[in-house]
Amino acid sequence: MSSWQNTDIVKHTDVVIIGAGVIGCALAYEMAQRGLRVRVCDRRAPGAGASQASAGVLAPYIEAESRSTLEQLGVRSLELFDEFLSRVVADAQQDVPYVRDGTLEVATDDSGLAGLERSWRALQEEGVECELLTTAQVREVEPMIGPLVQAGLVVRPHGAVSVRELVTALVRAALVRRAVFVDACTVRRVRGGRDAEVETDQGVFRAPTVILAAGAWGGELQLERVPAVPVRPVRGQLLALAHVSPLPQRVVWGRDCYCVPWSDGRVLVGATVEDVGFDEHATLGGVRHLAAAASRLLPGLEQAVLENVRVGLRPCSPDRLPIVGRSRRLPTLVYATGHYRNGVLLAPLTAQVVADFVSSGREDPMLEVTCPARLGDL
Ligand SMILES: Cc1cc2nc3c(=O)[nH]c(=O)nc-3n(C[C@H](O)[C@H](O)[C@H](O)COP(=O)(O)OP(=O)(O)OC[C@H]3O[C@@H](n4cnc5c(N)ncnc54)[C@H](O)[C@@H]3O)c2cc1C
């Protein structure tokens, strides 16, 4: 029996969640808070999939095209973060490092400069608090910046959250609300019926609602009468640096990498984007690419200690939007996967929308754009 388990395991719950990544854990917490009896199964420990590798940057205005669906979802979720996190922290009785002091995106060549100017104009039109900076102004706000910088764009609403602590706090907060976590539990198959049956190597769990939050591995699950969910793994490598002094002032985003500073002297440098299937190894090429990019962006990082290399498989859907909503073919099944590069950012919104839907049938407009049926007969 694992340390994550409550002792009062019952075979039947209101919900079984497959996958204890940031999405599954956020869902578990929101649903347990609404009074649902929740069981979460993961073949590893909570957060040990893509989530442990995540940089935790909350930056919808960099990650998505202006006025795109992804931007709208990201902005909505970002707006929920303060309230969501304060609830989690209060229930878990555990702090989660979290900052909302903006991002500094920098350009180091003419095309980068043109891109920053375009972004700045689009953000101005959207009414987003941001400033376009000259080279001298960039140096003022970020003295560590490298010699190649030509301009910068500060986007004020952006931020970052420490994902490992976030997942631990989500689990604690969900446990307080009587959720049950079963780790080292591989789910093999989901069968339909009035109650779904979730077949695992630790027995069969029954519930009227099963949520598929298995990240990049979602397509490997056998679902009765339903084709495999079309998510594919996209590997990301990230460097965790320690003993960085002085620290960058905020998240610095360059052409080839981004750097996320934390007050304990750590800086996370992300991330590669690699199409290599289910391969979770770190590679010399990945480390070299990130180390070189980080040194160009912030030369002071050359002196940092390389603490570890983190690798994760991002769950990518064909249109790069999350897959969230009820299955048409298996009504007991709800999908919550495909969050690709933005699963941490989108966790509060996904959790809230799915929890509302499962507990009260309320259909948020998000479910129209993330509906699984857009991708086939799911
Ligand atoms: C290097 C890197 C940097 C990133 N940076 C950011 C960032 O700055 N901001 C951001 O918002 N996002 C970022 N992301 C993306 C983010 O990490 C993902 O979108 C998010 O972690 C996806 O969460 P998840 O819960 O869906 O998947 P996961 O965290 O992968 O969790 C899925 C879980 O399901 C379990 N599972 C799978 N199959 C089974 C089965 N059959 N039985 C039991 N359990 C199963 C797995 O063990 C796993 O724990 C980054 C990703 C990477 C790799």
# chains A, B, ... in the order shown; residues from 1 in each chain; ligands from 1
call {"tool": "residues_near_ligand", "arguments": {"ligand": "ligand 1", "cutoff": "7 Å", "atoms": "only C-alpha atoms and all ligand atoms", "output": "count of residues only"}}
result
59
call {"tool": "residues_around", "arguments": {"residues": "range 34-37 of chain A", "least_positions_apart": "6", "cutoff": "10 Å", "atoms": "only C-alpha atoms", "output": "JSON, numbers by chain"}}
result
{"A": [10, 12, 13, 14, 15, 16, 28, 177, 178, 179, 180, 207, 355, 356, 358, 359, 360]}
call {"tool": "residues_around", "arguments": {"residues": "range 293-309 of chain A", "least_positions_apart": "5", "cutoff": "6 Å", "atoms": "only C-alpha atoms", "output": "list in words"}}
result
Met144, Ile145, Gly146, Leu238, Leu239, Ala240, Leu241, Ala242, His243, Val244, Asp256 and Cys257 of chain A
call {"tool": "residues_around", "arguments": {"residues": "Cys130 in chain A", "least_positions_apart": "5", "cutoff": "9 Å", "atoms": "only C-alpha atoms", "output": "PyMOL selection string"}}
result
chain A and resi 102+120+123-124+153-157
call {"tool": "write_last_selection", "arguments": {"atoms": "C-alpha atoms", "output": "PDB file, in the first residue's frame"}}
result
ATOM      1  CA  GLY A 102       5.304  39.004 -15.885  1.00  0.00           C
ATOM      2  CA  TRP A 120       2.971  44.157 -28.843  1.00  0.00           C
ATOM      3  CA  LEU A 123      -1.680  42.805 -27.145  1.00  0.00           C
ATOM      4  CA  GLN A 124      -2.324  46.565 -27.105  1.00  0.00           C
ATOM      5  CA  LEU A 153       8.442  42.742 -24.526  1.00  0.00           C
ATOM      6  CA  VAL A 154       7.238  42.614 -20.939  1.00  0.00           C
ATOM      7  CA  VAL A 155       3.793  41.020 -20.527  1.00  0.00           C
ATOM      8  CA  ARG A 156       2.599  41.856 -17.022  1.00  0.00           C
ATOM      9  CA  PRO A 157      -0.172  39.297 -16.327  1.00  0.00           C
TER      10      PRO A 157
END
call {"tool": "atom_distance", "arguments": {"atom1": "CA of Thr103 in chain A", "atom2": "CA of Val267 in chain A"}}
result
14.2 Å
call {"tool": "residues_around", "arguments": {"residues": "Ala169 in chain A", "least_positions_apart": "4", "cutoff": "7 Å", "atoms": "only C-alpha atoms", "output": "PyMOL selection string"}}
result
chain A and resi 88-89+92+94+165+173
call {"tool": "select_by_dssp", "arguments": {"residues": "range 136-253 of chain A", "states": "strand (DSSP E)", "output": "ChimeraX atom specification"}}
result
/A:151-155,159-161,180-182,187-191,196-200,203-207,209-212,222-223,232-242,251-253
call {"tool": "residues_around", "arguments": {"residues": "Glu63 in chain A", "least_positions_apart": "2", "cutoff": "12 Å", "atoms": "only C-alpha atoms", "output": "PyMOL selection string"}}
result
chain A and resi 57-61+65-75+103+105+119+158+253+258+320-321+340-343+345-346
call {"tool": "closest_residue", "arguments": {"among": "A:Gln202, A:Ser317, A:Thr209, A:Thr108", "to": "Gln150 in chain A", "atoms": "only C-alpha atoms"}}
result
A:Thr108
call {"tool": "select_by_dssp", "arguments": {"residues": "range 34-115 of chain A", "states": "alpha helix (DSSP H)", "output": "PyMOL selection string"}}
result
chain A and resi 60-63+69-92+110-115
call {"tool": "closest_residue", "arguments": {"among": "A:Asp201, A:Leu104, A:Leu166, A:Ser263", "to": "Pro246 in chain A", "atoms": "only C-alpha atoms"}}
result
A:Ser263
call {"tool": "residues_around", "arguments": {"residues": "Thr350 in chain A", "least_positions_apart": "3", "cutoff": "9 Å", "atoms": "only C-alpha atoms", "output": "list of chain:residue names"}}
result
A:Ile23, A:Ala26, A:Leu27, A:Ser77, A:Val324, A:Ala336, A:Leu346, A:Ala347, A:Val353, A:Val354, A:Ala355, A:Met366
call {"tool": "closest_residue", "arguments": {"among": "A:Leu132, A:Cys25, A:Leu80, A:Ala282", "to": "Ala107 in chain A", "atoms": "only C-alpha atoms"}}
result
A:Leu132
call {"tool": "atom_distance", "arguments": {"atom1": "CA of Leu349 in chain A", "atom2": "CA of Leu78 in chain A"}}
result
8.3 Å
